[in-house]
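A.B. asks: Sharing input09.cif (mmCIF, C-alpha atoms and all ligand atoms) below.
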```cif
data_work
loop_
_atom_site.label_atom_id
_atom_site.label_comp_id
_atom_site.auth_asym_id
_atom_site.auth_seq_id
_atom_site.Cartn_x
_atom_site.Cartn_y
_atom_site.Cartn_z
CA MET A 1 83.42 -37.62 -1.66
CA LYS A 2 86.32 -39.70 -0.34
CA ALA A 3 86.39 -40.57 3.36
CA PRO A 4 86.81 -37.48 5.56
CA ASN A 5 88.94 -37.30 8.68
CA PRO A 6 87.58 -40.24 10.73
CA THR A 7 87.12 -38.19 13.92
CA TYR A 8 85.14 -35.35 12.39
CA GLY A 9 83.43 -37.56 9.80
CA SER A 10 81.77 -39.61 12.53
CA GLN A 11 81.11 -36.90 15.11
CA GLY A 12 77.62 -35.79 16.10
CA THR A 13 76.60 -32.26 17.10
CA THR A 14 77.80 -31.13 20.54
CA ILE A 15 75.34 -31.70 23.41
CA PHE A 16 75.31 -27.94 24.14
CA ALA A 17 73.96 -27.07 20.69
CA VAL A 18 71.52 -30.00 20.76
CA MET A 19 70.01 -29.14 24.15
CA SER A 20 69.95 -25.38 23.50
CA GLY A 21 68.15 -26.06 20.21
CA LEU A 22 65.62 -28.25 21.99
CA ALA A 23 65.18 -25.64 24.75
CA THR A 24 64.46 -22.90 22.21
CA GLU A 25 61.99 -25.10 20.33
CA ALA A 26 60.20 -26.05 23.55
CA GLY A 27 60.24 -22.53 25.04
CA ALA A 28 62.10 -23.97 28.03
CA ILE A 29 64.25 -22.18 30.61
CA ASN A 30 67.73 -23.14 29.45
CA LEU A 31 69.79 -24.45 32.37
CA GLY A 32 71.72 -26.65 29.93
CA GLN A 33 74.48 -24.79 28.09
CA GLY A 34 76.52 -22.61 30.46
CA PHE A 35 76.01 -18.90 29.80
CA PRO A 36 74.77 -16.00 31.95
CA ASP A 37 71.39 -14.43 31.18
CA ASP A 38 72.60 -10.84 31.24
CA GLU A 39 74.81 -8.85 28.87
CA GLY A 40 77.92 -8.70 31.05
CA PRO A 41 79.71 -5.66 32.58
CA ALA A 42 78.68 -2.40 30.84
CA ASP A 43 82.07 -0.70 31.31
CA ILE A 44 83.95 -3.56 29.62
CA ARG A 45 81.50 -3.56 26.72
CA ALA A 46 81.91 0.23 26.45
CA ALA A 47 85.71 -0.14 26.39
CA ALA A 48 85.44 -2.63 23.52
CA ALA A 49 82.91 -0.45 21.69
CA ARG A 50 85.28 2.53 21.93
CA ALA A 51 88.13 0.41 20.63
CA ILE A 52 86.03 -0.74 17.68
CA THR A 53 84.98 2.83 16.89
CA ASP A 54 88.44 4.34 17.25
CA GLY A 55 90.46 1.37 15.94
CA PRO A 56 92.65 -0.43 15.32
CA ASN A 57 90.48 -2.78 13.32
CA GLN A 58 93.07 -4.41 11.06
CA TYR A 59 94.98 -7.59 11.92
CA PRO A 60 96.51 -7.30 15.37
CA PRO A 61 99.85 -9.01 16.14
CA MET A 62 99.64 -12.81 15.85
CA MET A 63 100.51 -13.27 19.56
CA GLY A 64 97.83 -10.76 20.60
CA MET A 65 97.56 -7.05 21.40
CA PRO A 66 100.50 -5.98 23.62
CA GLU A 67 98.04 -4.21 26.00
CA LEU A 68 96.21 -7.48 26.60
CA ARG A 69 99.33 -9.65 26.88
CA GLU A 70 100.69 -7.25 29.51
CA ALA A 71 97.36 -7.28 31.35
CA VAL A 72 97.32 -11.12 31.35
CA ALA A 73 100.84 -11.22 32.84
CA THR A 74 99.87 -8.61 35.46
CA HIS A 75 96.74 -10.60 36.38
CA ALA A 76 98.86 -13.76 36.83
CA GLN A 77 101.18 -11.85 39.17
CA ARG A 78 98.31 -10.19 41.07
CA PHE A 79 96.30 -13.36 41.77
CA TYR A 80 98.90 -16.14 41.82
CA GLY A 81 102.33 -14.50 42.20
CA LEU A 82 103.37 -15.83 38.78
CA ASP A 83 106.21 -13.98 37.11
CA LEU A 84 105.64 -14.04 33.33
CA ASP A 85 107.32 -12.17 30.49
CA TRP A 86 104.32 -10.86 28.51
CA ARG A 87 106.37 -10.75 25.30
CA THR A 88 107.22 -14.45 25.22
CA GLN A 89 104.97 -16.21 27.74
CA VAL A 90 101.47 -15.04 26.80
CA LEU A 91 99.42 -15.85 23.69
CA ILE A 92 95.91 -14.52 23.00
CA THR A 93 93.50 -16.98 21.40
CA SER A 94 89.94 -17.01 20.09
CA GLY A 95 88.47 -18.41 23.29
CA ALA A 96 89.65 -21.25 25.47
CA THR A 97 88.23 -23.59 22.83
CA GLU A 98 90.84 -22.46 20.33
CA ALA A 99 93.49 -22.44 23.07
CA LEU A 100 92.71 -26.10 23.77
CA ALA A 101 92.70 -27.10 20.11
CA ALA A 102 95.96 -25.23 19.46
CA SER A 103 97.69 -26.68 22.52
CA LEU A 104 96.60 -30.26 21.96
CA SER A 105 97.35 -30.26 18.26
CA ALA A 106 100.75 -28.60 18.77
CA LEU A 107 101.80 -31.13 21.42
CA LEU A 108 100.36 -34.43 20.17
CA SER A 109 101.58 -36.78 17.43
CA PRO A 110 100.15 -40.11 16.26
CA GLY A 111 100.92 -42.80 18.84
CA ASP A 112 101.00 -40.40 21.80
CA GLU A 113 98.71 -40.78 24.77
CA ALA A 114 96.87 -37.97 26.56
CA ILE A 115 95.39 -38.52 30.00
CA LEU A 116 91.86 -37.19 30.49
CA ILE A 117 89.95 -37.04 33.74
CA GLU A 118 86.42 -38.32 33.11
CA PRO A 119 83.89 -36.75 32.88
CA PHE A 120 85.54 -34.02 30.76
CA PHE A 121 84.58 -30.98 28.66
CA ASP A 122 83.48 -32.28 25.31
CA THR A 123 86.03 -30.70 22.96
CA TYR A 124 89.07 -32.45 24.47
CA LEU A 125 88.60 -35.91 23.03
CA PRO A 126 87.90 -35.13 19.34
CA VAL A 127 90.92 -32.85 19.12
CA ILE A 128 93.15 -35.51 20.69
CA GLU A 129 91.86 -38.20 18.34
CA ALA A 130 92.01 -35.98 15.25
CA ALA A 131 95.72 -35.53 16.03
CA GLY A 132 96.09 -39.32 15.82
CA ALA A 133 96.70 -39.64 19.56
CA THR A 134 94.82 -41.78 22.08
CA ALA A 135 93.07 -40.72 25.26
CA ARG A 136 93.66 -42.64 28.50
CA CYS A 137 90.73 -41.86 30.79
CA VAL A 138 90.85 -41.81 34.58
CA LYS A 139 87.51 -41.42 36.33
CA LEU A 140 86.24 -39.10 39.03
CA HIS A 141 84.24 -41.35 41.36
CA PRO A 142 80.72 -40.34 42.37
CA PRO A 143 79.08 -39.39 44.65
CA THR A 144 82.03 -37.28 45.91
CA TRP A 145 83.68 -37.28 42.46
CA HIS A 146 87.17 -37.80 43.92
CA LEU A 147 90.17 -38.88 41.89
CA ASP A 148 91.78 -42.21 42.83
CA LEU A 149 95.47 -41.30 42.89
CA ASP A 150 96.62 -44.89 42.28
CA GLU A 151 94.42 -45.11 39.21
CA LEU A 152 95.86 -41.81 38.07
CA ALA A 153 99.44 -43.02 38.55
CA SER A 154 98.80 -46.19 36.58
CA ALA A 155 97.53 -44.20 33.58
CA PHE A 156 101.00 -42.68 33.05
CA SER A 157 103.38 -44.55 30.74
CA ALA A 158 106.26 -43.90 28.37
CA LYS A 159 103.67 -42.97 25.72
CA THR A 160 102.05 -40.24 27.82
CA LYS A 161 102.68 -36.84 26.26
CA LEU A 162 100.27 -34.75 28.29
CA ILE A 163 97.56 -34.70 30.92
CA LEU A 164 94.57 -32.39 30.68
CA VAL A 165 93.73 -30.92 34.07
CA ASN A 166 90.46 -29.00 34.38
CA THR A 167 89.97 -27.27 37.71
CA PRO A 168 87.49 -25.87 38.71
CA HIS A 169 85.91 -28.80 36.92
CA ASN A 170 83.21 -28.75 34.26
CA PRO A 171 80.76 -30.55 34.48
CA ILE A 172 81.08 -31.60 38.14
CA GLY A 173 81.94 -28.31 39.85
CA ARG A 174 84.82 -29.77 41.89
CA VAL A 175 88.01 -27.89 42.71
CA LEU A 176 90.98 -30.27 42.77
CA ASP A 177 92.57 -30.32 46.22
CA ALA A 178 96.22 -29.91 47.22
CA ALA A 179 96.87 -33.69 47.37
CA GLU A 180 95.44 -34.22 43.89
CA LEU A 181 97.40 -31.31 42.43
CA SER A 182 100.69 -32.30 44.03
CA THR A 183 100.30 -35.89 42.83
CA ILE A 184 99.65 -34.65 39.30
CA ALA A 185 102.73 -32.39 39.54
CA GLU A 186 104.88 -35.24 40.81
CA LEU A 187 103.69 -37.64 38.08
CA CYS A 188 104.25 -35.07 35.33
CA GLN A 189 107.85 -34.59 36.47
CA ARG A 190 108.52 -38.30 36.95
CA HIS A 191 107.23 -39.15 33.45
CA ASP A 192 108.31 -35.97 31.64
CA VAL A 193 104.74 -35.01 30.80
CA VAL A 194 103.19 -31.60 30.04
CA ALA A 195 99.99 -30.53 31.84
CA VAL A 196 97.45 -28.64 29.76
CA CYS A 197 95.49 -26.81 32.46
CA ASP A 198 91.99 -25.65 31.60
CA GLU A 199 91.33 -23.05 34.28
CA VAL A 200 88.50 -21.11 32.66
CA TYR A 201 86.48 -21.09 35.92
CA GLU A 202 89.44 -19.78 38.01
CA HIS A 203 87.41 -16.93 39.54
CA MET A 204 84.31 -19.03 40.21
CA VAL A 205 85.38 -20.79 43.38
CA PHE A 206 83.12 -20.77 46.44
CA ASP A 207 83.01 -21.22 50.21
CA ARG A 208 86.44 -19.72 50.94
CA LEU A 209 88.22 -22.27 48.74
CA THR A 210 90.92 -20.87 46.52
CA HIS A 211 92.04 -21.74 43.03
CA SER A 212 95.71 -22.76 42.77
CA PRO A 213 97.12 -23.05 39.27
CA LEU A 214 99.23 -26.21 38.80
CA MET A 215 101.78 -23.85 37.23
CA THR A 216 102.56 -22.42 40.68
CA MET A 217 103.66 -25.80 42.09
CA PRO A 218 107.37 -26.59 42.49
CA GLY A 219 108.92 -27.86 39.26
CA MET A 220 105.84 -27.08 37.13
CA ALA A 221 106.51 -23.59 35.73
CA ASP A 222 107.97 -24.99 32.49
CA ARG A 223 105.61 -27.97 32.18
CA VAL A 224 102.24 -26.27 32.12
CA VAL A 225 100.19 -24.73 29.36
CA ARG A 226 97.66 -22.70 31.33
CA ILE A 227 94.40 -21.80 29.59
CA GLN A 228 92.00 -19.01 30.58
CA SER A 229 88.83 -17.53 29.11
CA ALA A 230 87.76 -13.88 29.18
CA GLY A 231 84.29 -15.14 28.25
CA LYS A 232 84.12 -16.83 31.64
CA ILE A 233 86.04 -14.25 33.72
CA PHE A 234 83.77 -11.43 32.54
CA SER A 235 80.50 -13.27 31.81
CA LEU A 236 80.85 -12.45 28.11
CA THR A 237 80.75 -15.98 26.72
CA GLY A 238 80.11 -14.88 23.13
CA TRP A 239 83.32 -12.88 22.92
CA LYS A 240 85.63 -15.87 22.54
CA VAL A 241 88.83 -14.34 23.85
CA GLY A 242 91.17 -16.76 25.60
CA PHE A 243 94.75 -16.69 26.89
CA ILE A 244 97.57 -19.20 27.03
CA THR A 245 100.49 -18.77 29.39
CA GLY A 246 103.49 -21.02 29.85
CA SER A 247 107.22 -21.23 29.27
CA ALA A 248 108.47 -19.28 26.25
CA GLU A 249 109.19 -22.62 24.56
CA LEU A 250 105.67 -24.03 25.05
CA VAL A 251 103.94 -20.75 24.15
CA SER A 252 106.01 -20.46 20.98
CA LEU A 253 105.12 -24.04 20.04
CA VAL A 254 101.39 -23.47 20.59
CA SER A 255 101.55 -20.23 18.60
CA LYS A 256 102.49 -22.34 15.55
CA ALA A 257 99.12 -24.09 15.74
CA HIS A 258 97.32 -20.82 16.58
CA GLN A 259 98.72 -19.06 13.50
CA ASN A 260 97.21 -21.75 11.30
CA LEU A 261 93.88 -22.05 13.11
CA VAL A 262 92.81 -18.40 13.44
CA PHE A 263 96.03 -16.34 13.31
CA THR A 264 94.49 -13.56 15.48
CA THR A 265 91.50 -12.53 17.59
CA PRO A 266 89.45 -9.31 17.06
CA PRO A 267 91.51 -6.35 18.38
CA GLY A 268 88.58 -4.36 19.83
CA LEU A 269 87.53 -7.31 21.99
CA GLN A 270 91.13 -7.80 23.10
CA LEU A 271 91.30 -4.16 24.25
CA GLY A 272 87.97 -4.48 26.08
CA VAL A 273 89.34 -7.52 27.91
CA ALA A 274 92.62 -5.70 28.70
CA TYR A 275 90.54 -2.97 30.35
CA GLY A 276 88.54 -5.60 32.28
CA LEU A 277 91.62 -7.36 33.65
CA GLY A 278 92.58 -4.09 35.31
CA LYS A 279 89.42 -4.01 37.43
CA GLU A 280 89.72 -3.92 41.22
CA ASP A 281 90.00 -7.13 43.28
CA ALA A 282 86.44 -6.68 44.56
CA PHE A 283 85.09 -7.19 41.03
CA PHE A 284 86.53 -10.71 40.89
CA ARG A 285 85.64 -11.53 44.50
CA ASP A 286 82.06 -10.27 44.41
CA GLN A 287 81.35 -12.23 41.27
CA ALA A 288 82.15 -15.51 43.07
CA GLY A 289 80.00 -14.52 46.05
CA ASP A 290 77.09 -13.65 43.77
CA LEU A 291 77.40 -16.94 41.88
CA ALA A 292 77.59 -18.93 45.13
CA ALA A 293 74.29 -17.35 46.19
CA ARG A 294 72.72 -18.47 42.90
CA ARG A 295 74.15 -21.94 43.37
CA ASP A 296 72.46 -22.07 46.78
CA ILE A 297 69.09 -21.00 45.34
CA LEU A 298 69.23 -23.67 42.66
CA ARG A 299 70.58 -26.34 44.98
CA SER A 300 67.89 -25.88 47.61
CA GLY A 301 65.18 -25.66 44.94
CA LEU A 302 66.34 -28.87 43.24
CA GLU A 303 66.65 -30.65 46.57
CA LYS A 304 63.04 -29.70 47.35
CA VAL A 305 62.01 -31.14 43.99
CA GLY A 306 63.70 -34.39 45.09
CA PHE A 307 67.08 -34.51 43.31
CA ASP A 308 70.25 -35.60 45.14
CA ILE A 309 72.83 -32.89 44.47
CA SER A 310 76.60 -33.48 44.37
CA PRO A 311 78.89 -31.05 46.23
CA CYS A 312 79.69 -27.97 44.09
CA GLU A 313 82.83 -25.97 44.91
CA GLY A 314 83.10 -23.88 41.76
CA THR A 315 82.02 -23.21 38.12
CA TYR A 316 78.49 -22.51 36.85
CA PHE A 317 77.16 -26.04 37.36
CA LEU A 318 75.34 -28.40 39.73
CA THR A 319 75.23 -32.17 39.24
CA ALA A 320 71.94 -33.86 40.11
CA ASP A 321 71.25 -37.56 40.57
CA ILE A 322 67.92 -38.54 38.95
CA ARG A 323 67.53 -41.92 40.71
CA PRO A 324 65.18 -40.53 43.40
CA PHE A 325 62.59 -40.25 40.62
CA ASP A 326 62.61 -44.00 40.20
CA THR A 327 63.00 -43.76 36.46
CA ASP A 328 64.71 -46.33 34.27
CA GLU A 329 65.39 -43.65 31.67
CA THR A 330 68.92 -42.62 30.77
CA ASP A 331 70.17 -39.16 31.75
CA ASP A 332 69.80 -38.16 28.10
CA ALA A 333 66.14 -39.25 27.88
CA PHE A 334 65.39 -37.58 31.21
CA CYS A 335 66.94 -34.26 30.02
CA ARG A 336 64.92 -34.37 26.82
CA ARG A 337 61.72 -35.11 28.74
CA ILE A 338 62.10 -32.30 31.27
CA THR A 339 63.05 -29.90 28.46
CA THR A 340 59.98 -30.60 26.37
CA GLN A 341 57.50 -31.29 29.19
CA ALA A 342 58.60 -29.41 32.33
CA LYS A 343 60.11 -26.68 30.10
CA VAL A 344 63.47 -26.69 31.90
CA ALA A 345 66.59 -27.81 30.01
CA ALA A 346 69.61 -29.58 31.54
CA VAL A 347 72.43 -31.61 29.99
CA PRO A 348 73.23 -35.31 30.57
CA ILE A 349 76.55 -35.95 32.30
CA SER A 350 77.13 -39.07 30.17
CA ALA A 351 77.85 -36.70 27.25
CA PHE A 352 81.10 -35.81 29.06
CA TYR A 353 82.51 -39.35 28.81
CA ALA A 354 84.42 -41.04 25.98
CA PRO A 355 81.73 -43.00 24.09
CA ALA A 356 83.78 -46.21 24.42
CA SER A 357 84.42 -45.85 28.15
CA PRO A 358 83.29 -48.70 30.40
CA ASP A 359 80.77 -48.04 33.18
CA ILE A 360 79.50 -44.63 32.08
CA PRO A 361 77.00 -43.48 34.72
CA ARG A 362 73.64 -42.66 33.14
CA HIS A 363 71.80 -41.13 36.04
CA TYR A 364 73.40 -37.70 36.49
CA ILE A 365 72.37 -34.45 34.85
CA ARG A 366 73.92 -30.96 34.93
CA PHE A 367 72.05 -27.73 35.68
CA CYS A 368 73.56 -24.28 35.13
CA PHE A 369 73.03 -21.62 37.83
CA CYS A 370 74.53 -18.45 36.28
CA LYS A 371 71.02 -17.09 35.75
CA ARG A 372 68.89 -14.44 37.50
CA PRO A 373 67.54 -15.70 40.86
CA GLN A 374 63.91 -15.41 39.72
CA VAL A 375 64.71 -17.55 36.65
CA LEU A 376 66.26 -20.23 38.89
CA GLU A 377 63.20 -20.13 41.16
CA GLU A 378 60.81 -20.38 38.22
CA ALA A 379 62.79 -23.36 36.87
CA CYS A 380 62.49 -25.14 40.23
CA ASP A 381 58.74 -24.37 40.38
CA ARG A 382 58.27 -25.86 36.93
CA LEU A 383 60.23 -28.99 37.86
CA SER A 384 58.31 -29.30 41.11
CA ARG A 385 54.95 -29.07 39.34
CA TYR A 386 56.03 -31.62 36.74
CA LEU A 387 58.01 -34.12 38.84
CA GLY A 388 56.56 -33.46 42.30
N1 LIG B 1 86.86 -25.26 28.91
C1 LIG B 1 85.81 -25.45 29.70
C2 LIG B 1 85.94 -26.35 30.89
C3 LIG B 1 84.60 -24.83 29.42
O1 LIG B 1 83.55 -25.04 30.20
C4 LIG B 1 84.51 -24.00 28.29
C5 LIG B 1 83.19 -23.42 27.93
N2 LIG B 1 83.18 -22.13 28.02
C6 LIG B 1 85.65 -23.81 27.50
C7 LIG B 1 86.80 -24.46 27.84
C8 LIG B 1 85.63 -22.93 26.30
O2 LIG B 1 85.74 -21.58 26.60
P1 LIG B 1 85.58 -20.43 25.52
O3 LIG B 1 84.13 -20.08 25.47
O4 LIG B 1 86.44 -19.32 25.99
O5 LIG B 1 86.02 -20.98 24.22
N1 LIG B 2 81.19 -24.26 28.46
C1 LIG B 2 79.78 -24.28 28.22
C2 LIG B 2 79.14 -25.44 28.97
O1 LIG B 2 79.81 -26.32 29.44
C3 LIG B 2 79.38 -24.42 26.79
C4 LIG B 2 80.38 -24.18 25.75
C5 LIG B 2 79.87 -24.55 24.41
O2 LIG B 2 78.70 -24.45 24.12
N2 LIG B 2 80.77 -25.02 23.61
O3 LIG B 2 77.96 -25.44 29.03
#
```
Let me see the file written as structure tokens.

C.D. replies:
Amino acid sequence: MKAPNPTYGSQGTTIFAVMSGLATEAGAINLGQGFPDDEGPADIRAAAARAITDGPNQYPPMMGMPELREAVATHAQRFYGLDLDWRTQVLITSGATEALAASLSALLSPGDEAILIEPFFDTYLPVIEAAGATARCVKLHPPTWHLDLDELASAFSAKTKLILVNTPHNPIGRVLDAAELSTIAELCQRHDVVAVCDEVYEHMVFDRLTHSPLMTMPGMADRVVRIQSAGKIFSLTGWKVGFITGSAELVSLVSKAHQNLVFTTPPGLQLGVAYGLGKEDAFFRDQAGDLAARRDILRSGLEKVGFDISPCEGTYFLTADIRPFDTDETDDAFCRRITTQAKVAAVPISAFYAPASPDIPRHYIRFCFCKRPQVLEEACDRLSRYLG
């Protein structure tokens, strides 16, 4: 075989598949890959089941089922006051993963630069590099994981085509604050840059904080590709239904990549999600409260075991510093050891950095808390017995 695409030809298997495989083999509680340990809301599953039984089951429109596009626009108005035309400003994708791949590959050309905030969700970098573009990484600084706004400003140049903004942030669990968001907005306008906003954890924000889409900031309505995930909103991670909203021009551009990647997304699942987006406000609010309670159970359990835990304002994830255990192992070795020996899986935070980045921290690991409380308690007991 001749040389494949250099990005995909040299890529390993994603850390989520690796650690989930190891967890299954070891019979470990899997607090690595982020997915809930229940089946998700019964009424939404029933709505999708009805749609699959009754149809339609042939190709839906390339942009997505009208019912779902309308529901996405209504949700944007209800939660953020955004005024979107569902016909031209909403595109349904096969998960946020496809939304990201479609957006990045539609926007980027060889020679372009894309700014990433490190650590970052693992699919961003390969898609950027496969498009022939280069990532410029700006770091979140532990232990508070704040963004240095001067460092951010100096990453922008004439070559910058886009910045990827992920808030609430995976893996760290931070919610970008107003100063960070307004600086990003100002820099995007000054340098004529598009923001691709990965907001899949929009409804998982705790402690009375609120999620503010960058798209709502002055001057940003036409510069943002906003990405959402029904898998995350409804705890149905296997469904892979995502949404893109933005200006008609940006959405139309991204649809050109989407039509070549997957063309459409299963219609029954789209109708189930359309039903779900119509649920009452309490559904979205209670979910965050319930997750915050699980975060607290895991955080206090891990602190008792001896980990130092970073602040967590949103998402499914807690970041733990392993240095209190006086180990000279890397985060990766530590995760493998606790998976096979303590029977609790986590993922190393270093997997969320560009491999060539300088100064990658190798003493932080990520635990997922969207699990039943008794599972979180059992995981902490196991870690306590093993590490204590
Ligand atoms: N972005 C982030 C930050 C994620 O954590 C995930 C994982 N769910 C995705 C995108 C992908 O979402 P989906 O499962 O809808 O493809
Ligand atoms: N978003 C999930 C996580 O960060 C995993 C997604 C995946 O496995 N690709 O754990």

A.B. asks: Could you build a table of the residues in chain A lying no more than 8 Å from ligand LIG 2 (chain B), giving for each the nearest pair of atoms and their separation in Å rounded to one decimal place, using only C-alpha atoms and all ligand atoms, ordered by chain and ascending residue number, as CSV?

C.D. replies:
```
residue,atom,partner,partner_atom,distance
A:Thr14,CA,B:LIG2,N2,7.5
A:Phe16,CA,B:LIG2,O2,4.9
A:Ala17,CA,B:LIG2,O2,6.4
A:Gly32,CA,B:LIG2,O3,6.4
A:Gln33,CA,B:LIG2,O3,3.7
A:Gly34,CA,B:LIG2,O3,3.5
A:Phe35,CA,B:LIG2,C1,6.8
A:Thr97,CA,B:LIG2,N2,7.6
A:Phe121,CA,B:LIG2,O1,6.7
A:Asp122,CA,B:LIG2,N2,7.9
A:Thr123,CA,B:LIG2,N2,7.8
A:Asn170,CA,B:LIG2,O1,6.4
A:Pro171,CA,B:LIG2,O1,6.6
A:Cys368,CA,B:LIG2,O3,7.6
```

A.B. asks: Take atom CA of Val305 of chain A and atom CA of Asp321 of chain A and report the distance between them in Å, one decimal.

C.D. replies: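 Taking atom CA of Val305 of chain A as the start and atom CA of Asp321 of chain A as the end point, the length is 11.8 Å.
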
A.B. asks: Give me the residues within 8 Å of Ile322 of chain A as a list in words, counting all atoms listed in the file and dropping any in the same chain fewer than 4 places off.

C.D. replies: Phe307, Asp308, Asp326, Thr327, Asp331, His363, Tyr364 and Ile365 of chain A

A.B. asks: Between A:Tyr316, A:Tyr275, A:Phe263, A:Phe79, which residue has the minimum interatomic distance to ligand LIG 1 (chain B), considering all atoms listed in the file?

C.D. replies: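 Answer, going by the shortest atom-to-atom distance: A:Tyr316.
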
A.B. asks: For Val193 of chain A, which residue out of A:Ala179, A:Ala96, A:Met220, A:Ile29 is the nearest one, using all atoms listed in the file?

C.D. replies: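 With all atoms listed in the file as the atom set, the closest residue is A:Met220.
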
A.B. asks: 9 Å from ligand LIG 1 (chain B) is the threshold here; counting all atoms listed in the file, which polymer residues fall inside it? Answer as a PDB file with C-alpha atoms, keeping the file's coordinate frame.

C.D. replies:
```
ATOM      1  CA  GLN A  33      74.480 -24.790  28.090  1.00  0.00           C
ATOM      2  CA  GLY A  34      76.520 -22.610  30.460  1.00  0.00           C
ATOM      3  CA  PHE A  35      76.010 -18.900  29.800  1.00  0.00           C
ATOM      4  CA  THR A  93      93.500 -16.980  21.400  1.00  0.00           C
ATOM      5  CA  SER A  94      89.940 -17.010  20.090  1.00  0.00           C
ATOM      6  CA  GLY A  95      88.470 -18.410  23.290  1.00  0.00           C
ATOM      7  CA  ALA A  96      89.650 -21.250  25.470  1.00  0.00           C
ATOM      8  CA  THR A  97      88.230 -23.590  22.830  1.00  0.00           C
ATOM      9  CA  GLU A  98      90.840 -22.460  20.330  1.00  0.00           C
ATOM     10  CA  ALA A  99      93.490 -22.440  23.070  1.00  0.00           C
ATOM     11  CA  LEU A 100      92.710 -26.100  23.770  1.00  0.00           C
ATOM     12  CA  PHE A 120      85.540 -34.020  30.760  1.00  0.00           C
ATOM     13  CA  PHE A 121      84.580 -30.980  28.660  1.00  0.00           C
ATOM     14  CA  ASP A 122      83.480 -32.280  25.310  1.00  0.00           C
ATOM     15  CA  THR A 123      86.030 -30.700  22.960  1.00  0.00           C
ATOM     16  CA  TYR A 124      89.070 -32.450  24.470  1.00  0.00           C
ATOM     17  CA  ASN A 166      90.460 -29.000  34.380  1.00  0.00           C
ATOM     18  CA  THR A 167      89.970 -27.270  37.710  1.00  0.00           C
ATOM     19  CA  PRO A 168      87.490 -25.870  38.710  1.00  0.00           C
ATOM     20  CA  HIS A 169      85.910 -28.800  36.920  1.00  0.00           C
ATOM     21  CA  ASN A 170      83.210 -28.750  34.260  1.00  0.00           C
ATOM     22  CA  PRO A 171      80.760 -30.550  34.480  1.00  0.00           C
ATOM     23  CA  ASP A 198      91.990 -25.650  31.600  1.00  0.00           C
ATOM     24  CA  GLU A 199      91.330 -23.050  34.280  1.00  0.00           C
ATOM     25  CA  VAL A 200      88.500 -21.110  32.660  1.00  0.00           C
ATOM     26  CA  TYR A 201      86.480 -21.090  35.920  1.00  0.00           C
ATOM     27  CA  ILE A 227      94.400 -21.800  29.590  1.00  0.00           C
ATOM     28  CA  GLN A 228      92.000 -19.010  30.580  1.00  0.00           C
ATOM     29  CA  SER A 229      88.830 -17.530  29.110  1.00  0.00           C
ATOM     30  CA  ALA A 230      87.760 -13.880  29.180  1.00  0.00           C
ATOM     31  CA  GLY A 231      84.290 -15.140  28.250  1.00  0.00           C
ATOM     32  CA  LYS A 232      84.120 -16.830  31.640  1.00  0.00           C
ATOM     33  CA  LEU A 236      80.850 -12.450  28.110  1.00  0.00           C
ATOM     34  CA  THR A 237      80.750 -15.980  26.720  1.00  0.00           C
ATOM     35  CA  GLY A 238      80.110 -14.880  23.130  1.00  0.00           C
ATOM     36  CA  TRP A 239      83.320 -12.880  22.920  1.00  0.00           C
ATOM     37  CA  LYS A 240      85.630 -15.870  22.540  1.00  0.00           C
ATOM     38  CA  VAL A 241      88.830 -14.340  23.850  1.00  0.00           C
ATOM     39  CA  GLY A 242      91.170 -16.760  25.600  1.00  0.00           C
ATOM     40  CA  PHE A 243      94.750 -16.690  26.890  1.00  0.00           C
ATOM     41  CA  THR A 315      82.020 -23.210  38.120  1.00  0.00           C
ATOM     42  CA  TYR A 316      78.490 -22.510  36.850  1.00  0.00           C
TER      43      TYR A 316
END
```

A.B. asks: Would you work out the distance separating atom CA of Phe334 of chain A from atom CA of Ala320 of chain A, expressed in Å to one decimal?

C.D. replies: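 Separation between atom CA of Phe334 of chain A and atom CA of Ala320 of chain A: 11.7 Å.
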
A.B. asks: Record the distance separating atom CA of Ile117 of chain A and atom CA of Cys197 of chain A, expressed in Å with one decimal.

C.D. replies: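 A separation of 11.7 Å between them.
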
A.B. asks: Between A:Leu376, A:Val273, A:Ala288, A:Ala153, which has the minimum distance to Glu70 of chain A (counting all atoms listed in the file)?

C.D. replies: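 Result for the nearest residue to Glu70 of chain A: A:Val273.
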
A.B. asks: Counting only C-alpha atoms, figure out which residue out of A:Lys161, A:Arg299, A:His211, A:Lys2 gets nearest to Asp192 of chain A.

C.D. replies: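 The shortest atom-to-atom distance to Asp192 of chain A comes from A:Lys161.
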
A.B. asks: Using only C-alpha atoms, pick whichever of A:Ala46, A:Val138, A:Leu22, A:Ala221 has the shortest atom-to-atom distance to Thr340 of chain A.

C.D. replies: A:Leu22

A.B. asks: Skipping near chain neighbours, those fewer than 3 positions away, what residues fall within 12 Å of Glu377 of chain A using all atoms listed in the file, listed as a short mmCIF file (atom, residue, chain, number, x, y, z; two decimals) with C-alpha atoms, keeping the file's coordinate frame?

C.D. replies:
```cif
data_model
loop_
_atom_site.label_atom_id
_atom_site.label_comp_id
_atom_site.auth_asym_id
_atom_site.auth_seq_id
_atom_site.Cartn_x
_atom_site.Cartn_y
_atom_site.Cartn_z
CA ILE A 29 64.25 -22.18 30.61
CA LEU A 31 69.79 -24.45 32.37
CA ARG A 294 72.72 -18.47 42.90
CA ARG A 295 74.15 -21.94 43.37
CA ASP A 296 72.46 -22.07 46.78
CA ILE A 297 69.09 -21.00 45.34
CA LEU A 298 69.23 -23.67 42.66
CA ARG A 299 70.58 -26.34 44.98
CA SER A 300 67.89 -25.88 47.61
CA GLY A 301 65.18 -25.66 44.94
CA LEU A 302 66.34 -28.87 43.24
CA LYS A 304 63.04 -29.70 47.35
CA VAL A 305 62.01 -31.14 43.99
CA VAL A 344 63.47 -26.69 31.90
CA PHE A 369 73.03 -21.62 37.83
CA LYS A 371 71.02 -17.09 35.75
CA ARG A 372 68.89 -14.44 37.50
CA PRO A 373 67.54 -15.70 40.86
CA GLN A 374 63.91 -15.41 39.72
CA CYS A 380 62.49 -25.14 40.23
CA ASP A 381 58.74 -24.37 40.38
CA ARG A 382 58.27 -25.86 36.93
CA LEU A 383 60.23 -28.99 37.86
CA SER A 384 58.31 -29.30 41.11
#
```
